[in-house]
$ cat coords-v8.txt   # compact mmCIF, C-alpha atoms and all ligand atoms
# COMPACT_ATOMS: atom_id res chain seq x y z
CA MET A 464 3.74 24.33 -83.81
CA MET A 465 4.38 21.09 -82.06
CA LYS A 466 2.65 21.07 -78.72
CA LYS A 467 4.44 19.51 -75.86
CA ILE A 468 3.06 16.10 -75.33
CA THR A 469 3.39 13.49 -72.76
CA THR A 470 2.54 9.92 -73.39
CA ILE A 471 2.16 8.26 -70.11
CA VAL A 472 2.19 4.55 -69.94
CA ILE A 473 1.86 3.24 -66.49
CA ILE A 474 2.31 -0.46 -66.30
CA ALA A 475 2.16 -1.60 -62.75
CA ALA A 476 0.18 -3.70 -60.42
CA VAL A 477 -3.12 -1.95 -60.65
CA ALA A 478 -6.78 -2.05 -60.12
CA VAL A 479 -7.20 -5.38 -58.48
CA LEU A 480 -5.09 -6.64 -55.66
CA ILE A 481 -5.28 -10.16 -54.43
CA MET A 482 -5.52 -9.61 -50.77
CA ILE A 483 -6.28 -12.62 -48.82
CA GLY A 484 -6.60 -15.56 -51.15
CA PHE A 485 -8.77 -18.37 -49.92
CA ARG A 486 -10.87 -17.75 -46.91
CA SER A 487 -12.16 -21.19 -46.32
CA VAL A 488 -9.39 -23.48 -47.46
CA VAL A 489 -6.25 -24.24 -45.63
CA GLY A 490 -3.50 -25.46 -47.91
CA ARG A 491 0.21 -25.08 -48.45
CA ARG A 492 0.66 -21.77 -50.20
CA GLN A 493 3.43 -21.46 -52.76
CA GLU A 494 4.01 -18.33 -54.75
CA GLY A 495 6.27 -17.17 -57.56
CA ILE A 496 6.54 -14.21 -59.87
CA PHE A 497 7.93 -13.40 -63.31
CA TYR A 498 7.58 -10.48 -65.71
CA ALA A 499 5.91 -10.71 -69.11
CA MET A 500 3.52 -8.94 -71.51
CA GLY A 501 5.47 -5.69 -71.59
CA GLY A 502 6.91 -5.86 -68.09
CA ILE A 503 3.79 -6.78 -66.13
CA PRO A 504 4.37 -8.79 -62.95
CA VAL A 505 2.73 -12.21 -63.30
CA ARG A 506 2.14 -13.75 -59.91
CA VAL A 507 1.35 -17.44 -59.63
CA VAL A 508 -0.05 -18.81 -56.40
CA ALA A 509 -0.71 -22.51 -55.82
CA TYR A 510 -2.41 -23.92 -52.75
CA ASP A 511 -2.94 -27.65 -52.68
CA ARG A 512 -1.52 -30.08 -55.22
CA THR A 513 -1.81 -33.76 -56.00
CA LYS A 514 1.53 -34.18 -57.80
CA GLY A 515 4.53 -32.38 -59.27
CA ASP A 516 6.43 -29.42 -57.90
CA PHE A 517 5.87 -25.70 -57.91
CA GLU A 518 9.18 -24.59 -59.41
CA SER A 519 8.62 -26.59 -62.58
CA ASP A 520 5.00 -25.35 -62.76
CA LEU A 521 6.24 -21.80 -62.61
CA ARG A 522 8.70 -22.38 -65.44
CA GLU A 523 6.02 -24.06 -67.52
CA VAL A 524 3.59 -21.19 -66.94
CA GLU A 525 6.30 -18.72 -67.95
CA SER A 526 7.05 -20.53 -71.19
CA CYS A 527 3.33 -20.92 -71.92
CA VAL A 528 2.88 -17.14 -71.52
CA ASP A 529 5.86 -16.51 -73.79
CA ARG A 530 4.57 -18.93 -76.43
CA LEU A 531 1.18 -17.21 -76.47
CA GLU A 532 2.73 -13.75 -76.64
CA ASN A 533 4.61 -15.00 -79.70
CA ILE A 534 1.23 -15.70 -81.25
CA PHE A 535 -0.97 -12.84 -80.00
CA SER A 536 1.25 -9.78 -79.59
CA ARG A 537 1.14 -7.28 -82.42
CA HIS A 538 4.27 -5.72 -80.89
CA ARG A 539 6.48 -8.77 -81.42
CA ALA A 540 7.81 -8.51 -84.95
CA ASP A 541 7.55 -12.20 -85.79
CA SER A 542 4.36 -13.06 -83.92
CA ASP A 543 1.47 -14.65 -85.82
CA VAL A 544 -0.56 -11.46 -85.41
CA ALA A 545 2.32 -9.22 -86.55
CA ARG A 546 2.78 -11.39 -89.64
CA LEU A 547 -0.96 -11.32 -90.33
CA ASN A 548 -0.96 -7.53 -90.04
CA ALA A 549 2.05 -7.21 -92.32
CA MET A 550 0.37 -9.39 -94.94
CA GLY A 551 -2.23 -6.80 -95.92
CA GLU A 552 -5.13 -8.13 -97.96
CA GLY A 553 -5.26 -11.92 -98.28
CA CYS A 554 -5.23 -15.16 -96.31
CA THR A 555 -2.73 -17.03 -94.18
CA GLY A 556 -2.88 -20.79 -94.22
CA ASP A 557 -1.77 -22.88 -91.30
CA ALA A 558 -2.82 -20.42 -88.63
CA SER A 559 -2.17 -21.46 -85.06
CA PRO A 560 -5.20 -23.06 -83.38
CA ALA A 561 -4.78 -20.72 -80.38
CA LEU A 562 -5.09 -17.70 -82.69
CA ILE A 563 -8.10 -19.13 -84.49
CA ASP A 564 -9.82 -19.85 -81.16
CA LEU A 565 -9.18 -16.35 -79.84
CA LEU A 566 -10.30 -14.72 -83.09
CA ARG A 567 -13.51 -16.78 -83.06
CA LYS A 568 -14.14 -15.77 -79.46
CA SER A 569 -13.46 -12.16 -80.50
CA GLN A 570 -15.97 -12.45 -83.33
CA ARG A 571 -18.61 -13.67 -80.89
CA TRP A 572 -17.96 -10.75 -78.53
CA SER A 573 -18.07 -8.33 -81.41
CA GLU A 574 -21.49 -9.61 -82.39
CA LYS A 575 -22.81 -9.64 -78.84
CA THR A 576 -21.62 -6.10 -78.13
CA GLY A 577 -22.87 -4.61 -81.38
CA GLY A 578 -19.31 -3.80 -82.45
CA ALA A 579 -18.19 -2.07 -79.22
CA PHE A 580 -15.59 -4.81 -78.97
CA ASP A 581 -13.69 -5.19 -82.22
CA VAL A 582 -10.17 -6.59 -82.61
CA THR A 583 -9.91 -5.15 -86.12
CA VAL A 584 -9.70 -1.69 -84.52
CA GLY A 585 -5.87 -1.81 -84.98
CA PRO A 586 -5.60 0.97 -87.61
CA VAL A 587 -7.49 3.46 -85.40
CA VAL A 588 -5.51 2.46 -82.29
CA SER A 589 -2.28 3.09 -84.24
CA LEU A 590 -3.58 6.42 -85.53
CA TRP A 591 -4.23 7.69 -81.99
CA LYS A 592 -0.85 6.40 -80.81
CA ASP A 593 0.90 8.28 -83.61
CA ALA A 594 -1.21 11.34 -82.89
CA ALA A 595 -0.05 11.29 -79.27
CA LYS A 596 3.57 11.08 -80.40
CA MET A 597 3.08 14.08 -82.66
CA GLY A 598 1.08 16.02 -80.09
CA ARG A 599 -2.02 16.66 -82.14
CA VAL A 600 -5.33 14.90 -82.57
CA PRO A 601 -5.85 13.07 -85.89
CA THR A 602 -7.47 14.94 -88.77
CA GLU A 603 -10.97 13.96 -89.92
CA ASP A 604 -9.45 12.65 -93.15
CA ASP A 605 -6.92 10.45 -91.35
CA LEU A 606 -9.67 9.10 -89.13
CA ALA A 607 -11.90 8.35 -92.10
CA VAL A 608 -9.10 6.40 -93.81
CA ALA A 609 -8.34 4.40 -90.65
CA ARG A 610 -12.02 3.68 -90.01
CA GLU A 611 -12.43 2.31 -93.52
CA ARG A 612 -9.93 -0.38 -92.51
CA VAL A 613 -11.90 -1.51 -89.45
CA GLY A 614 -14.67 -4.08 -89.45
CA MET A 615 -15.06 -7.53 -88.01
CA GLU A 616 -17.06 -8.66 -91.03
CA ARG A 617 -13.89 -8.21 -93.09
CA LEU A 618 -12.02 -10.77 -91.01
CA ARG A 619 -12.90 -14.26 -92.20
CA ILE A 620 -11.85 -17.61 -90.82
CA VAL A 621 -12.16 -20.67 -93.02
CA ASP A 622 -10.69 -23.87 -91.61
CA ASP A 623 -7.14 -22.87 -90.63
CA ASN A 624 -7.10 -19.84 -92.91
CA ILE A 625 -7.40 -16.32 -91.58
CA CYS A 626 -8.34 -13.79 -94.23
CA LEU A 627 -8.24 -10.00 -94.13
CA GLU A 628 -10.44 -8.64 -96.87
CA ARG A 629 -9.04 -5.15 -97.15
CA SER A 630 -5.47 -3.86 -97.32
CA GLY A 631 -4.31 -1.82 -94.35
CA MET A 632 -6.36 -3.88 -91.89
CA SER A 633 -4.70 -4.85 -88.62
CA ILE A 634 -5.65 -7.07 -85.72
CA ASP A 635 -5.10 -5.90 -82.15
CA LEU A 636 -5.79 -8.49 -79.46
CA GLY A 637 -4.79 -6.13 -76.62
CA ALA A 638 -8.28 -6.17 -75.16
CA ILE A 639 -8.63 -9.94 -74.78
CA ALA A 640 -5.19 -11.60 -75.02
CA LYS A 641 -4.12 -10.98 -71.43
CA GLY A 642 -7.27 -12.65 -70.14
CA ALA A 643 -6.82 -15.56 -72.53
CA ILE A 644 -3.20 -15.95 -71.49
CA ILE A 645 -3.97 -16.12 -67.76
CA ASP A 646 -6.76 -18.63 -68.47
CA GLU A 647 -4.20 -20.77 -70.28
CA ALA A 648 -1.78 -20.41 -67.36
CA VAL A 649 -4.55 -21.77 -65.12
CA SER A 650 -4.95 -24.77 -67.46
CA VAL A 651 -1.23 -25.50 -67.13
CA LEU A 652 -1.46 -25.45 -63.33
CA ARG A 653 -4.56 -27.68 -63.30
CA ARG A 654 -2.92 -30.17 -65.66
CA ASN A 655 0.10 -30.28 -63.39
CA GLY A 656 -1.93 -31.26 -60.36
CA VAL A 657 -2.52 -27.91 -58.65
CA VAL A 658 -5.93 -28.07 -57.03
CA ARG A 659 -6.44 -24.41 -56.15
CA GLY A 660 -4.61 -21.33 -57.25
CA ILE A 661 -4.46 -17.85 -58.72
CA VAL A 662 -2.70 -16.27 -61.67
CA ASP A 663 -2.51 -12.50 -61.31
CA ALA A 664 -1.09 -10.51 -64.24
CA GLY A 665 -0.72 -6.93 -63.10
CA GLY A 666 -4.08 -6.93 -61.36
CA ASP A 667 -6.01 -9.06 -63.85
CA VAL A 668 -6.79 -12.33 -62.17
CA ALA A 669 -7.85 -15.90 -62.91
CA ALA A 670 -8.67 -18.03 -59.87
CA PHE A 671 -9.50 -21.73 -59.77
CA GLY A 672 -10.44 -24.49 -57.35
CA ASP A 673 -12.98 -24.77 -54.57
CA GLY A 674 -13.17 -22.02 -52.05
CA GLU A 675 -13.60 -18.31 -52.03
CA PHE A 676 -11.10 -15.63 -52.99
CA ARG A 677 -11.25 -12.20 -51.52
CA ILE A 678 -10.06 -9.61 -53.99
CA GLY A 679 -9.34 -5.98 -53.22
CA ILE A 680 -10.44 -3.41 -55.79
CA GLN A 681 -8.07 -0.49 -56.03
CA ASP A 682 -9.36 3.04 -55.69
CA PRO A 683 -8.78 4.79 -59.05
CA ARG A 684 -8.19 8.05 -57.17
CA ASP A 685 -5.49 6.71 -54.93
CA ARG A 686 -3.50 3.68 -55.97
CA LYS A 687 -2.51 2.94 -52.40
CA LYS A 688 -6.11 2.61 -51.25
CA LEU A 689 -8.80 0.04 -51.80
CA MET A 690 -12.32 0.97 -52.79
CA GLY A 691 -13.56 -2.28 -51.33
CA THR A 692 -13.23 -6.01 -51.53
CA ILE A 693 -15.26 -8.60 -53.37
CA SER A 694 -15.50 -12.32 -52.88
CA ILE A 695 -15.38 -14.59 -55.89
CA GLU A 696 -15.34 -18.27 -56.52
CA GLU A 697 -13.37 -19.55 -59.47
CA GLY A 698 -13.25 -17.36 -62.58
CA GLY A 699 -11.70 -14.17 -63.87
CA VAL A 700 -11.57 -10.58 -62.62
CA VAL A 701 -10.31 -8.10 -65.19
CA THR A 702 -10.17 -4.30 -65.20
CA SER A 703 -10.09 -1.79 -68.05
CA GLY A 704 -9.40 1.75 -67.09
CA ASP A 705 -7.98 4.92 -68.51
CA TYR A 706 -6.07 5.65 -65.33
CA GLU A 707 -3.76 2.82 -66.23
CA ARG A 708 -2.87 3.83 -69.75
CA TYR A 709 -3.63 6.96 -71.67
CA ALA A 710 -2.06 9.53 -73.94
CA ALA A 711 -2.10 13.23 -73.15
CA ILE A 712 -2.44 15.54 -76.14
CA GLY A 713 -2.56 19.27 -75.49
CA GLY A 714 -3.34 18.73 -71.83
CA ARG A 715 -6.27 16.38 -72.44
CA ARG A 716 -6.22 12.70 -71.63
CA TYR A 717 -7.15 10.23 -74.33
CA SER A 718 -7.93 6.66 -73.44
CA HIS A 719 -6.24 3.79 -75.27
CA ILE A 720 -9.70 2.26 -75.63
CA ILE A 721 -11.34 3.25 -78.90
CA ASP A 722 -15.00 3.25 -79.84
CA PRO A 723 -14.77 1.36 -83.15
CA ARG A 724 -18.12 2.81 -84.17
CA THR A 725 -16.83 6.40 -84.12
CA GLY A 726 -13.04 6.05 -84.11
CA GLU A 727 -12.89 8.25 -80.98
CA PRO A 728 -11.29 7.28 -77.66
CA ALA A 729 -13.81 6.16 -75.04
CA ASP A 730 -13.97 8.90 -72.44
CA GLU A 731 -16.96 8.34 -70.18
CA LEU A 732 -15.76 5.78 -67.65
CA VAL A 733 -12.79 5.86 -65.32
CA SER A 734 -12.63 2.09 -64.88
CA VAL A 735 -14.61 -1.08 -65.46
CA THR A 736 -13.93 -4.28 -63.52
CA VAL A 737 -15.67 -7.42 -64.76
CA VAL A 738 -16.05 -10.67 -62.85
CA GLY A 739 -16.91 -13.72 -64.95
CA PRO A 740 -16.46 -17.45 -65.47
CA ASP A 741 -13.14 -16.94 -67.23
CA ALA A 742 -10.64 -14.14 -67.67
CA ALA A 743 -10.69 -13.88 -71.50
CA ASP A 744 -14.41 -13.16 -71.52
CA ALA A 745 -14.14 -10.78 -68.54
CA ASP A 746 -11.32 -8.98 -70.39
CA ALA A 747 -13.35 -8.57 -73.59
CA LEU A 748 -16.41 -7.45 -71.67
CA ALA A 749 -14.52 -4.90 -69.53
CA THR A 750 -13.23 -3.25 -72.71
CA ALA A 751 -16.65 -3.40 -74.39
CA ILE A 752 -18.37 -1.76 -71.40
CA SER A 753 -15.69 0.95 -71.35
CA VAL A 754 -16.73 1.72 -74.93
CA MET A 755 -20.47 1.50 -74.24
CA GLY A 756 -20.40 3.87 -71.31
CA ARG A 757 -22.46 3.71 -68.15
CA GLU A 758 -26.05 3.48 -69.36
CA GLU A 759 -25.53 1.19 -72.32
CA GLY A 760 -23.06 -0.89 -70.30
CA ILE A 761 -25.43 -1.42 -67.37
CA GLU A 762 -28.30 -2.32 -69.74
CA PHE A 763 -26.04 -4.76 -71.54
CA LEU A 764 -24.96 -6.42 -68.30
CA LYS A 765 -28.59 -7.27 -67.56
CA GLU A 766 -28.46 -9.66 -70.53
CA MET A 767 -25.28 -11.30 -69.25
CA PRO A 768 -26.22 -12.95 -65.95
CA SER A 769 -22.95 -14.83 -65.59
CA PHE A 770 -20.98 -11.58 -65.46
CA GLN A 771 -20.84 -8.92 -62.80
CA ALA A 772 -19.17 -5.55 -62.88
CA ILE A 773 -17.97 -2.51 -60.99
CA ILE A 774 -18.12 0.67 -63.05
CA ALA A 775 -16.52 3.95 -61.94
CA TRP A 776 -17.04 7.35 -63.57
CA ARG A 777 -16.49 11.00 -62.77
CA GLU A 778 -19.42 13.29 -62.05
CA ALA A 779 -19.60 16.83 -63.43
CA ASP A 780 -18.05 18.16 -60.19
CA ASP A 781 -15.16 15.71 -60.70
CA SER A 782 -16.17 13.46 -57.80
CA LEU A 783 -15.97 9.74 -58.42
CA ASN A 784 -19.09 7.60 -58.47
CA VAL A 785 -19.34 3.83 -58.58
CA TRP A 786 -22.02 1.36 -59.71
CA ARG A 787 -21.81 -2.33 -59.03
CA SER A 788 -23.86 -5.38 -59.99
CA GLU A 789 -26.30 -6.58 -57.38
CA GLY A 790 -24.51 -9.90 -57.16
CA LEU A 791 -21.49 -8.11 -55.75
CA ALA A 792 -23.48 -6.08 -53.28
CA ALA A 793 -23.08 -8.58 -50.48
CA SER A 794 -19.33 -8.04 -50.50
CA SER A 795 -17.74 -5.47 -48.29
CA PHE A 796 -17.66 -2.50 -50.59
CA SER A 797 -17.43 1.18 -49.89
CA PRO A 798 -17.15 3.60 -52.81
P1 LIG A 801 -8.08 -3.38 -72.28
O1 LIG A 801 -6.99 -2.79 -71.46
O2 LIG A 801 -8.33 -4.84 -72.06
O3 LIG A 801 -9.36 -2.60 -72.19
O4 LIG A 801 -7.62 -3.34 -73.82
C1 LIG A 801 -7.32 -2.14 -74.44
C2 LIG A 801 -6.48 -2.40 -75.68
O5 LIG A 801 -7.25 -3.09 -76.65
C3 LIG A 801 -6.02 -1.11 -76.36
O6 LIG A 801 -4.74 -0.73 -75.92
C4 LIG A 801 -6.05 -1.48 -77.83
O7 LIG A 801 -4.86 -2.14 -78.16
C5 LIG A 801 -7.19 -2.48 -77.92
N1 LIG A 801 -8.51 -1.86 -78.13
C6 LIG A 801 -8.86 -0.55 -77.99
N2 LIG A 801 -10.17 -0.36 -78.21
C7 LIG A 801 -10.69 -1.59 -78.49
C8 LIG A 801 -12.02 -2.07 -78.80
N3 LIG A 801 -13.05 -1.24 -78.85
N4 LIG A 801 -12.17 -3.39 -79.04
C9 LIG A 801 -11.12 -4.24 -79.00
N5 LIG A 801 -9.86 -3.85 -78.71
C10 LIG A 801 -9.64 -2.56 -78.45
MG MG A 802 -10.02 -5.99 -72.07

$ encode --input "coords-v8.txt" --output "structure tokens" --more "lines below"
Ligand code: AMP
Ligand code: MG
Amino acid sequence: MMKKITTIVIIAAVAVLIMIGFRSVVGRRQEGIFYAMGGIPVRVVAYDRTKGDFESDLREVESCVDRLENIFSRHRADSDVARLNAMGEGCTGDASPALIDLLRKSQRWSEKTGGAFDVTVGPVVSLWKDAAKMGRVPTEDDLAVARERVGMERLRIVDDNICLERSGMSIDLGAIAKGAIIDEAVSVLRRNGVVRGIVDAGGDVAAFGDGEFRIGIQDPRDRKKLMGTISIEEGGVVTSGDYERYAAIGGRRYSHIIDPRTGEPADELVSVTVVGPDAADADALATAISVMGREEGIEFLKEMPSFQAIIAWREADDSLNVWRSEGLAASSFSP
């Protein structure tokens, strides 16, 4: 019997709210917004500038985001990634440099995280998505088949060739592309003479320029409330969390984040916010820590001094608990 299922996809401004912008810098503030990456609001804020004008910056950022989605998105039928995934076993020549860069970065994160981060997890992600549509968890056999198709060591990059060494493999850049795209948007603004600014894509943020940003961290229990605020200098702040996106099968929530080592959805943490020197790395790390869970994640962060994190989980009595890196402790923060 088909069980009633609900797949809930909540795409909204979540997790991180830019509250106050720069504390210490007075500049002319200009702001614009457009929608991209599946309907996410992308907010661009520029403070001081040496040349050019904001309206043309905004258009250039929008077309830059669109160009990168046409490369990275597995959901756009003719994107580079979609074509790679459709190819099956073999190599593509002439791959776009942006894709090669992001795949190389992904390989490094995969190594560093012992496989918790793995962009070849596509077949297992698809399996769980289909399972949610059908209202039943995947069978052991289906999982075994999908897991056979996962493995970063089977993705090879030689010059401008990207090779998938097994048929049925698929690349999913969902855990790092948004960060990479907002980093690139920041590069566009810098090139165009903006001295300080923010790009905020649905709560994932890249900030640049001298000064200090104050960023509000949303309370996972109540989207209208803040858990606290943190102060950052330039860099990225990215959140992974199952309260944003999950599938419900038979009344149980399943995260869209998969542990590539087991093929099971990651279920220990409610949300992970990572602060780091750029948004792509913070994005990858937030997903990896969601997979690792609290203990492994906190241990891992000790080896990564340039990153800080806020990790929220539910206790056995369903109350929410929060851990944060010492470097963030000075900020006003009240779990
Ligand atoms: P994020 O919201 O940044 O944590 O990214 C989650 C998305 O990345 C999922 O919707 C999948 O498309 C993909 N994904 C899921 N699990 C992993 C993983 N362990 N490593 C890399 N990508 C993943
Ligand atoms: Mg991520």

$ closest_atom_pairs --input "coords-v8.txt" --of "chain A" --to "ligand LIG 801 (chain A)" --cutoff "6 Å" --atoms "all atoms listed in the file" --output "CSV"
residue,atom,partner,partner_atom,distance
A:Ala579,CA,A:LIG801,N3,5.2
A:Phe580,CA,A:LIG801,N4,3.7
A:Asp581,CA,A:LIG801,N4,4.0
A:Val582,CA,A:LIG801,C9,4.4
A:Val588,CA,A:LIG801,C4,6.0
A:Asp635,CA,A:LIG801,O7,5.5
A:Gly637,CA,A:LIG801,O5,3.9
A:Ala638,CA,A:LIG801,O4,3.2
A:Ile639,CA,A:LIG801,O2,5.8
A:Ser703,CA,A:LIG801,O3,4.3
A:His719,CA,A:LIG801,O6,4.8
A:Ile720,CA,A:LIG801,N2,3.7
A:Ile721,CA,A:LIG801,N2,3.9
A:Asp722,CA,A:LIG801,N3,5.0
A:Pro723,CA,A:LIG801,N3,5.3
A:Asp746,CA,A:LIG801,O2,5.4
A:Thr750,CA,A:LIG801,O3,4.0

$ closest_residue --input "coords-v8.txt" --among "A:Ile620, A:Leu764, A:Ala595, A:Leu791" --to "Lys575 (chain A)" --atoms "only C-alpha atoms"
A:Leu764

$ residues_near_ligand --input "coords-v8.txt" --ligand "ligand MG 802 (chain A)" --cutoff "10 Å" --atoms "all atoms listed in the file" --output "ChimeraX atom specification"
/A:580,636-642,667,701-704,720,735-737,742-753

$ closest_residue --input "coords-v8.txt" --among "A:Asp623, A:Leu590, A:Glu628, A:Gly578" --to "Met755 (chain A)" --atoms "all atoms listed in the file"
A:Gly578

$ closest_residue --input "coords-v8.txt" --among "A:Gly598, A:Glu675, A:Ser788, A:Asn533" --to "Tyr717 (chain A)" --atoms "all atoms listed in the file"
A:Gly598

$ closest_residue --input "coords-v8.txt" --among "A:Glu552, A:Asp529, A:Asp516, A:Asp741" --to "Ser650 (chain A)" --atoms "all atoms listed in the file"
A:Asp741

$ closest_residue --input "coords-v8.txt" --among "A:Ser569, A:Thr583, A:Asp622, A:Lys765" --to "Asp557 (chain A)" --atoms "only C-alpha atoms"
A:Asp622

$ build_atoms --input "coords-v8.txt" --residues "region 539-555 of chain A" --atoms "N, CA, C and O atoms" --output "compact mmCIF listing (two decimals), in the frame of the given file"
# COMPACT_ATOMS: atom_id res chain seq x y z
N ARG A 539 5.33 -7.90 -81.15
CA ARG A 539 6.48 -8.77 -81.42
C ARG A 539 6.57 -8.99 -82.92
O ARG A 539 5.64 -9.55 -83.52
N ALA A 540 7.70 -8.60 -83.49
CA ALA A 540 7.81 -8.51 -84.95
C ALA A 540 7.46 -9.81 -85.66
O ALA A 540 6.88 -9.80 -86.74
N ASP A 541 7.79 -10.96 -85.07
CA ASP A 541 7.55 -12.20 -85.79
C ASP A 541 6.37 -13.00 -85.22
O ASP A 541 6.24 -14.18 -85.49
N SER A 542 5.52 -12.33 -84.45
CA SER A 542 4.36 -13.06 -83.92
C SER A 542 3.38 -13.37 -85.05
O SER A 542 3.42 -12.74 -86.11
N ASP A 543 2.48 -14.31 -84.80
CA ASP A 543 1.47 -14.65 -85.82
C ASP A 543 0.64 -13.43 -86.18
O ASP A 543 0.34 -13.19 -87.35
N VAL A 544 0.27 -12.64 -85.14
CA VAL A 544 -0.56 -11.46 -85.41
C VAL A 544 0.23 -10.41 -86.18
O VAL A 544 -0.28 -9.81 -87.14
N ALA A 545 1.51 -10.21 -85.83
CA ALA A 545 2.32 -9.22 -86.55
C ALA A 545 2.46 -9.63 -88.02
O ALA A 545 2.37 -8.79 -88.92
N ARG A 546 2.62 -10.93 -88.26
CA ARG A 546 2.78 -11.39 -89.64
C ARG A 546 1.47 -11.24 -90.41
O ARG A 546 1.44 -10.85 -91.57
N LEU A 547 0.36 -11.52 -89.71
CA LEU A 547 -0.96 -11.32 -90.33
C LEU A 547 -1.15 -9.85 -90.70
O LEU A 547 -1.59 -9.52 -91.81
N ASN A 548 -0.78 -8.96 -89.79
CA ASN A 548 -0.96 -7.53 -90.04
C ASN A 548 -0.06 -7.03 -91.17
O ASN A 548 -0.43 -6.13 -91.91
N ALA A 549 1.12 -7.64 -91.27
CA ALA A 549 2.05 -7.21 -92.32
C ALA A 549 1.60 -7.71 -93.70
O ALA A 549 1.98 -7.16 -94.73
N MET A 550 0.77 -8.75 -93.69
CA MET A 550 0.37 -9.39 -94.94
C MET A 550 -0.51 -8.48 -95.80
O MET A 550 -0.49 -8.55 -97.02
N GLY A 551 -1.27 -7.61 -95.16
CA GLY A 551 -2.23 -6.80 -95.92
C GLY A 551 -3.42 -7.65 -96.32
O GLY A 551 -3.82 -8.55 -95.60
N GLU A 552 -3.94 -7.40 -97.51
CA GLU A 552 -5.13 -8.13 -97.96
C GLU A 552 -4.75 -9.56 -98.34
O GLU A 552 -3.74 -9.78 -98.99
N GLY A 553 -5.54 -10.54 -97.90
CA GLY A 553 -5.26 -11.92 -98.28
C GLY A 553 -5.49 -12.88 -97.13
O GLY A 553 -6.11 -12.53 -96.14
N CYS A 554 -5.00 -14.11 -97.32
CA CYS A 554 -5.23 -15.16 -96.31
C CYS A 554 -3.90 -15.79 -95.89
O CYS A 554 -2.99 -15.92 -96.69
N THR A 555 -3.86 -16.20 -94.63
CA THR A 555 -2.73 -17.03 -94.18
C THR A 555 -3.26 -18.44 -94.07
O THR A 555 -4.34 -18.66 -93.54
